[in-house]
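Below: the structure, in structure tokens.
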Amino acid sequence: MVKLPTEAITFENYEQVYDYYDEFRPNPILSKIGHIGLAGFFWPRVEFAPGVQEFIAEQTTLGNLMVLIANHSRYVDHMVLDAAYQKTPTLRPLVGNTSILAKIPYFEHPVTRYLTELGDGIPVAREKDVSPEWQQMAGFSVGRVALRMIETTVKRMHKGINMSGFPEGARNTTSDWQKLMKLEAGFAKIACKAWRENIETSVLPIGIAYKSETKRDARCPVVYFGEPNTGPFVKPNEVRDEMQVSLQEAVNRAYEHHQ
């Protein structure tokens, strides 16, 4: 496996970073223990749109892949999803077989980096994470880093690994968690590249609903699996626009189930 030249993940060494994450996989035993622990702490109520549970079961049986996208309103959202996968027999094939797109700050401290890697995280470069010095550097482009990240995700998909992420690009800190922010197109670019490379892939929207901001309610949200987009699409913006509607619908249904 390629070794990182430094513990830091910077825009200077991003090629080596993604060479590393092309091959990286977490320790399966420790990862399994982590998933079981999350399932013991979080108790999400999992709901499915009509026919979606059967769709997921069929896709996993056939070995087809999914790009799972969810709304993002609390820090624990990714843990809630892991617990939902572990607790639900239909979703259990996703455990230990799904990489998550995570912002670079999660990789900057040894502890958070270890935990993120244990969850099979892949670092994502966001415009807001780029310092002014990097923005002024000749030839530097966040888009170029993002394209290299997409290559890494699709290389993993060729190995049979699903992808997941929060395409709002940041946690929703507004007063209305139910209203989805505008989606970024990264997940759609991943799906389109997978389709172009003949990977059987669907995009699955997941709505997460919390009743309130209390710690107790953070442990017991509703997780609703909505209608999938089975593609294939050529233009990422078309996928993003369709999933903006589908993910909002999933969020709405999740909140309805929470009432």
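The chains in the structure tokens are called A, B, ... from first to last as shown; in each chain the residues are counted from 1, and the ligands are counted from 1 in the order shown.
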- Message: Residues within 12 Å of Tyr75 in chain A, please, as a list of chain:residue names. Count only C-alpha atoms; anything in the same chain fewer than 2 positions from it doesn't count.
- Response: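 Here the qualifying residues turn out to be A:Asn71, A:His72, A:Ser73, A:Asp77, A:His78, A:Met79, A:Val80, A:Leu81, A:Ala102, A:Tyr106, A:Phe166, A:Ala170, A:Arg171, A:Asn172, A:Thr173, A:Glu213, A:Lys215, A:Ala218, A:Arg219.
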Mind writing the picked residues with C-alpha atoms as a compact mmCIF listing (two decimals), in the first residue's frame?
```txt
# COMPACT_ATOMS: atom_id res chain seq x y z
CA ASN A 71 -29.73 15.17 4.56
CA HIS A 72 -27.35 16.48 7.20
CA SER A 73 -28.60 18.34 10.26
CA ASP A 77 -25.96 11.65 11.18
CA HIS A 78 -23.31 9.26 9.84
CA MET A 79 -23.41 7.28 13.09
CA VAL A 80 -27.19 7.08 12.90
CA LEU A 81 -26.96 5.67 9.37
CA ALA A 102 -16.03 13.02 4.79
CA TYR A 106 -12.15 15.08 10.13
CA PHE A 166 -24.26 14.23 2.60
CA ALA A 170 -22.31 21.14 5.10
CA ARG A 171 -24.48 20.57 8.13
CA ASN A 172 -27.82 22.38 7.97
CA THR A 173 -27.60 24.94 10.78
CA GLU A 213 -32.52 19.07 19.46
CA LYS A 215 -29.63 14.43 23.17
CA ALA A 218 -30.52 12.43 18.67
CA ARG A 219 -30.42 8.73 19.54
```
- Message: Please return, as a ChimeraX atom specification, all residues of range 33-202 of chain A that DSSP assigns to strand (DSSP E) on the basis of the backbone.
- Response: /A:45-48,65-70,98-103,121-124,162-165,201-202
So that I have them on file, write out the residues from the current selection with N, CA, C and O atoms, as a tab-separated table (two decimals), in the first residue's frame.
```
chain	number	residue	atom	x	y	z
A	45	ARG	N	-35.47	4.51	13.93
A	45	ARG	CA	-36.63	3.77	13.40
A	45	ARG	C	-36.54	3.84	11.89
A	45	ARG	O	-36.63	4.91	11.31
A	46	VAL	N	-36.36	2.70	11.25
A	46	VAL	CA	-36.13	2.65	9.80
A	46	VAL	C	-37.45	2.42	9.08
A	46	VAL	O	-38.21	1.50	9.41
A	47	GLU	N	-37.71	3.26	8.09
A	47	GLU	CA	-38.91	3.14	7.25
A	47	GLU	C	-38.49	3.14	5.78
A	47	GLU	O	-37.44	3.70	5.42
A	48	PHE	N	-39.30	2.54	4.95
A	48	PHE	CA	-39.01	2.45	3.52
A	48	PHE	C	-40.21	2.93	2.70
A	48	PHE	O	-41.36	2.66	3.06
A	65	LEU	N	-24.47	-1.89	-6.89
A	65	LEU	CA	-24.02	-0.92	-5.91
A	65	LEU	C	-25.00	0.23	-5.75
A	65	LEU	O	-25.88	0.44	-6.59
A	66	MET	N	-24.81	1.00	-4.68
A	66	MET	CA	-25.64	2.17	-4.41
A	66	MET	C	-24.77	3.35	-3.99
A	66	MET	O	-23.74	3.17	-3.33
A	67	VAL	N	-25.21	4.52	-4.41
A	67	VAL	CA	-24.68	5.78	-3.89
A	67	VAL	C	-25.78	6.31	-2.96
A	67	VAL	O	-26.84	6.72	-3.42
A	68	LEU	N	-25.53	6.22	-1.67
A	68	LEU	CA	-26.54	6.59	-0.68
A	68	LEU	C	-26.33	8.04	-0.25
A	68	LEU	O	-25.23	8.42	0.16
A	69	ILE	N	-27.36	8.86	-0.36
A	69	ILE	CA	-27.24	10.27	0.01
A	69	ILE	C	-28.30	10.61	1.05
A	69	ILE	O	-29.43	10.14	1.00
A	70	ALA	N	-27.92	11.43	2.02
A	70	ALA	CA	-28.83	11.79	3.11
A	70	ALA	C	-28.73	13.27	3.44
A	70	ALA	O	-27.72	13.92	3.14
A	98	THR	N	-19.36	-0.06	2.70
A	98	THR	CA	-19.81	1.26	2.26
A	98	THR	C	-18.82	2.32	2.72
A	98	THR	O	-18.58	2.47	3.92
A	99	SER	N	-18.24	3.02	1.78
A	99	SER	CA	-17.35	4.13	2.11
A	99	SER	C	-18.15	5.41	2.25
A	99	SER	O	-19.17	5.59	1.58
A	100	ILE	N	-17.70	6.30	3.12
A	100	ILE	CA	-18.39	7.57	3.32
A	100	ILE	C	-17.48	8.73	2.94
A	100	ILE	O	-16.28	8.72	3.22
A	101	LEU	N	-18.05	9.71	2.25
A	101	LEU	CA	-17.31	10.91	1.89
A	101	LEU	C	-17.32	11.86	3.08
A	101	LEU	O	-18.39	12.26	3.55
A	102	ALA	N	-16.14	12.22	3.58
A	102	ALA	CA	-16.03	13.02	4.79
A	102	ALA	C	-15.13	14.22	4.55
A	102	ALA	O	-14.12	14.13	3.85
A	103	LYS	N	-15.48	15.35	5.16
A	103	LYS	CA	-14.69	16.57	4.95
A	103	LYS	C	-13.29	16.42	5.54
A	103	LYS	O	-13.08	15.70	6.53
A	121	GLY	N	-13.83	6.21	5.71
A	121	GLY	CA	-14.01	7.54	5.16
A	121	GLY	C	-13.02	7.87	4.06
A	121	GLY	O	-11.89	7.37	4.05
A	122	ILE	N	-13.46	8.72	3.14
A	122	ILE	CA	-12.61	9.24	2.07
A	122	ILE	C	-12.62	10.76	2.20
A	122	ILE	O	-13.68	11.37	2.27
A	123	PRO	N	-11.45	11.42	2.25
A	123	PRO	CA	-11.42	12.88	2.42
A	123	PRO	C	-11.94	13.62	1.20
A	123	PRO	O	-11.63	13.27	0.07
A	124	VAL	N	-12.76	14.63	1.47
A	124	VAL	CA	-13.36	15.45	0.41
A	124	VAL	C	-12.88	16.89	0.55
A	124	VAL	O	-13.00	17.48	1.63
A	162	ASN	N	-19.95	0.27	-1.91
A	162	ASN	CA	-20.95	1.34	-2.06
A	162	ASN	C	-20.37	2.66	-1.59
A	162	ASN	O	-19.39	2.70	-0.84
A	163	MET	N	-21.02	3.75	-1.99
A	163	MET	CA	-20.62	5.09	-1.55
A	163	MET	C	-21.77	5.76	-0.79
A	163	MET	O	-22.95	5.52	-1.09
A	164	SER	N	-21.43	6.60	0.16
A	164	SER	CA	-22.46	7.36	0.87
A	164	SER	C	-21.93	8.76	1.19
A	164	SER	O	-20.70	8.97	1.25
A	165	GLY	N	-22.84	9.70	1.39
A	165	GLY	CA	-22.42	11.05	1.71
A	165	GLY	C	-23.60	11.96	1.96
A	165	GLY	O	-24.77	11.56	1.88
A	201	THR	N	-25.35	0.71	-10.81
A	201	THR	CA	-25.42	1.63	-9.68
A	201	THR	C	-26.78	2.31	-9.62
A	201	THR	O	-27.37	2.60	-10.66
A	202	SER	N	-27.26	2.56	-8.42
A	202	SER	CA	-28.44	3.39	-8.21
A	202	SER	C	-28.13	4.42	-7.14
A	202	SER	O	-27.23	4.22	-6.31
```
- Message: I'd like to know which residues of range 3-148 of chain A are alpha helix (DSSP H) (by DSSP, run on the backbone); could you write them as a VMD selection string?
- Response: chain A and resid 14 to 23 28 to 41 52 to 62 77 to 87 110 to 118 132 to 135 142 to 148
- Item | Counting only C-alpha atoms, the option among A:Ala191, A:Ile29, A:Leu183, A:Met157 closest to Gly63 in chain A |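 Nearest to Gly63 in chain A: A:Met157.
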- Go through A:Pro28, A:Gly51, A:Gly186, A:Gly231 and flag the residue nearest Ala146 in chain A, using only C-alpha atoms for the distances.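 Using only C-alpha atoms, Ala146 in chain A sits closest to A:Gly186.
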- Message: One number please: CA of Glu168 in chain A to CA of Met181 in chain A, in Å, one decimal.
- Response: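 Between these atoms lies a distance of 5.8 Å.
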- Find the spatial neighbours of Pro228 in chain A, counting only C-alpha atoms, within a cut-off of 8 Å - ignore same-chain residues fewer than 5 positions away - and output them as a PyMOL selection string. chain A and resi 52+202-205
Can I get the selection written as a compact mmCIF listing (two decimals), in the first residue's frame, with N, CA and C atoms?
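Written file, part.txt:
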```txt
# COMPACT_ATOMS: atom_id res chain seq x y z
N VAL A 52 -39.18 -0.20 -1.83
CA VAL A 52 -37.74 0.11 -1.74
C VAL A 52 -36.97 -0.93 -0.95
N SER A 202 -27.26 2.56 -8.42
CA SER A 202 -28.44 3.39 -8.21
C SER A 202 -28.13 4.42 -7.14
N VAL A 203 -28.84 5.54 -7.20
CA VAL A 203 -28.68 6.59 -6.19
C VAL A 203 -29.90 6.52 -5.28
N LEU A 204 -29.66 6.37 -3.98
CA LEU A 204 -30.75 6.15 -3.03
C LEU A 204 -30.83 7.29 -2.03
N PRO A 205 -31.96 8.02 -1.98
CA PRO A 205 -32.10 9.12 -1.03
C PRO A 205 -32.55 8.62 0.35
```
- Task: Choose the residue, out of A:Gly34, A:Pro50, A:Pro44, A:Gly169, that has the smallest atom-to-atom separation from Val95 in chain A; count only C-alpha atoms.
- Result: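 Looking only at the distances to Val95 in chain A, the closest residue turns out to be A:Gly34.
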- Item | Pairwise distance for CA of Lys235 in chain A and CA of Lys179 in chain A, rounded to one decimal in Å |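 CA of Lys235 in chain A sits 25.1 Å away from CA of Lys179 in chain A.
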- Message: What's the separation between CA of Ser246 in chain A and CA of Glu227 in chain A, in Å to one decimal place?
- Response: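 For CA of Ser246 in chain A relative to CA of Glu227 in chain A, the distance reads 6.7 Å.
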Determine, for each residue of range 97-202 of chain A having at least one atom at most 7 Å from an atom of range 12-24 of chain A, the closest pair of atoms and their separation in Å to one decimal, counting only C-alpha atoms; order by chain and ascending number, as a tab-separated table.
```
residue	atom	partner	partner_atom	distance
A:Ile122	CA	A:Tyr21	CA	6.8
A:Val145	CA	A:Tyr14	CA	6.9
A:Met149	CA	A:Tyr18	CA	6.6
A:Thr152	CA	A:Asp22	CA	5.2
A:Lys155	CA	A:Asp22	CA	6.7
A:Arg156	CA	A:Asp22	CA	6.8
```
Limited to C-alpha atoms, could you put the picked residues into a file as a PDB file, in the first residue's frame?
```pdb
ATOM      1  CA  ILE A 122     -12.614   9.243   2.070  1.00  0.00           C
ATOM      2  CA  VAL A 145      -8.616  17.711  -6.343  1.00  0.00           C
ATOM      3  CA  MET A 149     -11.372  12.132  -5.279  1.00  0.00           C
ATOM      4  CA  THR A 152     -10.843   7.125  -5.934  1.00  0.00           C
ATOM      5  CA  LYS A 155     -12.029   2.691  -8.165  1.00  0.00           C
ATOM      6  CA  ARG A 156     -13.554   1.494  -4.911  1.00  0.00           C
TER       7      ARG A 156
END
```
